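Before any comments, here is the structure.
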Amino acid sequence: MELNGYSRLYDMPPRCLQGLSASSDPDNVLHPLPRKWRLGCTCGATGATLHGYPLGHLNPLYPQNRTLLSPVDYECISCRRRVEILDTDIHGVASEGVRLEGRPGDIGCTAYRGEGPKTPFGCPVCGETQMSNVIAIFHYNDLGLADLLDEYPNIHLENMFSHVNFTGTCSRCGHLCEILDISTS
Ligand SMILES: [Zn+2]
Ligand SMILES: [Zn+2]
């Protein structure tokens, strides 16, 4: 069966997660939005290190802030496979909107986006880079979705997220870490 409309939003992880195994978080049953996906490697392991660009390195207003800006890589701590999973230049409602409207020249205009070698995200309490229970939380603008569906009935609504958070549990000290918090609208 071809998924369409809102069923895609609820049943499909956004395409930025296609290199991983993403399972619907139990919370989604009670609270349809935002959509939460538990991330794992295709090998079956769920422990991971996330690599990207710490906000504190790019914005001098937040020197101690370790949360990552994109592009972001997911590295499995079991099989060591590493895959790029989120790049705000091509993922999220602003970039997807540019694609829909056929303005490819406008892709790549994100204000804060890292370049060069990536840094592993470290727990703000103990510095550990291995995280467990990594959850990606995608936020959507309800009213904007209805308009999009009117205009583009076959749209892949799951990709039209306006904000994304990742959380994970530190494998050493158990601290619940905010790994990234990025607006994509
Ligand atoms: Zn793996
Ligand atoms: Zn820790």
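Each chain in the structure tokens gets a letter, A, B and so on, in the order shown; residues start at 1 in every chain, and ligands are counted from 1 in the order they appear.
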
Give me the chain A side of the contact with ligand 2, cut-off 9 Å, one line per residue showing its nearest atom pair and distance in Å at one decimal, counting only C-alpha atoms and all ligand atoms, sorted by chain and residue number, as JSON lines.
```
{"residue": "A:Gly122", "atom": "CA", "partner": "ligand 2", "partner_atom_place_in_ligand_line": "1 (Zn)", "distance": 7.8}
{"residue": "A:Cys123", "atom": "CA", "partner": "ligand 2", "partner_atom_place_in_ligand_line": "1 (Zn)", "distance": 4.6}
{"residue": "A:Pro124", "atom": "CA", "partner": "ligand 2", "partner_atom_place_in_ligand_line": "1 (Zn)", "distance": 6.6}
{"residue": "A:Val125", "atom": "CA", "partner": "ligand 2", "partner_atom_place_in_ligand_line": "1 (Zn)", "distance": 4.9}
{"residue": "A:Cys126", "atom": "CA", "partner": "ligand 2", "partner_atom_place_in_ligand_line": "1 (Zn)", "distance": 4.1}
{"residue": "A:Gly127", "atom": "CA", "partner": "ligand 2", "partner_atom_place_in_ligand_line": "1 (Zn)", "distance": 5.9}
{"residue": "A:Glu128", "atom": "CA", "partner": "ligand 2", "partner_atom_place_in_ligand_line": "1 (Zn)", "distance": 5.4}
{"residue": "A:Thr129", "atom": "CA", "partner": "ligand 2", "partner_atom_place_in_ligand_line": "1 (Zn)", "distance": 8.2}
{"residue": "A:Gln130", "atom": "CA", "partner": "ligand 2", "partner_atom_place_in_ligand_line": "1 (Zn)", "distance": 8.9}
{"residue": "A:Met131", "atom": "CA", "partner": "ligand 2", "partner_atom_place_in_ligand_line": "1 (Zn)", "distance": 8.8}
{"residue": "A:Thr169", "atom": "CA", "partner": "ligand 2", "partner_atom_place_in_ligand_line": "1 (Zn)", "distance": 8.0}
{"residue": "A:Cys170", "atom": "CA", "partner": "ligand 2", "partner_atom_place_in_ligand_line": "1 (Zn)", "distance": 4.7}
{"residue": "A:Ser171", "atom": "CA", "partner": "ligand 2", "partner_atom_place_in_ligand_line": "1 (Zn)", "distance": 6.7}
{"residue": "A:Arg172", "atom": "CA", "partner": "ligand 2", "partner_atom_place_in_ligand_line": "1 (Zn)", "distance": 5.2}
{"residue": "A:Cys173", "atom": "CA", "partner": "ligand 2", "partner_atom_place_in_ligand_line": "1 (Zn)", "distance": 4.1}
{"residue": "A:Gly174", "atom": "CA", "partner": "ligand 2", "partner_atom_place_in_ligand_line": "1 (Zn)", "distance": 5.9}
{"residue": "A:His175", "atom": "CA", "partner": "ligand 2", "partner_atom_place_in_ligand_line": "1 (Zn)", "distance": 5.3}
{"residue": "A:Leu176", "atom": "CA", "partner": "ligand 2", "partner_atom_place_in_ligand_line": "1 (Zn)", "distance": 8.3}
{"residue": "A:Cys177", "atom": "CA", "partner": "ligand 2", "partner_atom_place_in_ligand_line": "1 (Zn)", "distance": 8.2}
```

Write out as an mmCIF file with C-alpha atoms, in the first residue's frame each polymer residue (protein, DNA or RNA) that has an atom no more than 6 Å from ligand 1, with only C-alpha atoms and all ligand atoms counted.
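Output file out_27.cif follows:
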```
data_model
loop_
_atom_site.group_PDB
_atom_site.id
_atom_site.type_symbol
_atom_site.label_atom_id
_atom_site.label_comp_id
_atom_site.auth_asym_id
_atom_site.auth_seq_id
_atom_site.Cartn_x
_atom_site.Cartn_y
_atom_site.Cartn_z
ATOM 1 C CA CYS A 41 22.439 0.822 13.245
ATOM 2 C CA THR A 42 21.392 -1.625 10.535
ATOM 3 C CA CYS A 43 23.591 -4.201 12.373
ATOM 4 C CA ALA A 45 23.233 -2.204 17.786
ATOM 5 C CA CYS A 76 27.761 2.720 15.421
ATOM 6 C CA SER A 78 29.533 -1.919 17.615
ATOM 7 C CA CYS A 79 30.329 -2.300 13.875
ATOM 8 C CA ARG A 80 31.863 1.209 13.471
ATOM 9 C CA ARG A 81 29.765 1.945 10.378
#
```

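Nearest to Asp142 in chain A of all the residues A:Gln64, A:Ser162, A:Asn154, A:Thr88 is A:Ser162, counting only C-alpha atoms.
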
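Among the candidate residues A:Pro34, A:Pro120, A:Gly114, A:Gly5, the one lying nearest to Tyr152 in chain A is A:Gly5, with distances computed using only C-alpha atoms.
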
Report summary line: Of A:Val98, A:Tyr112, A:Ala146, A:Thr184, the one nearest to Asn59 in chain A when counting only C-alpha atoms is A:Tyr112
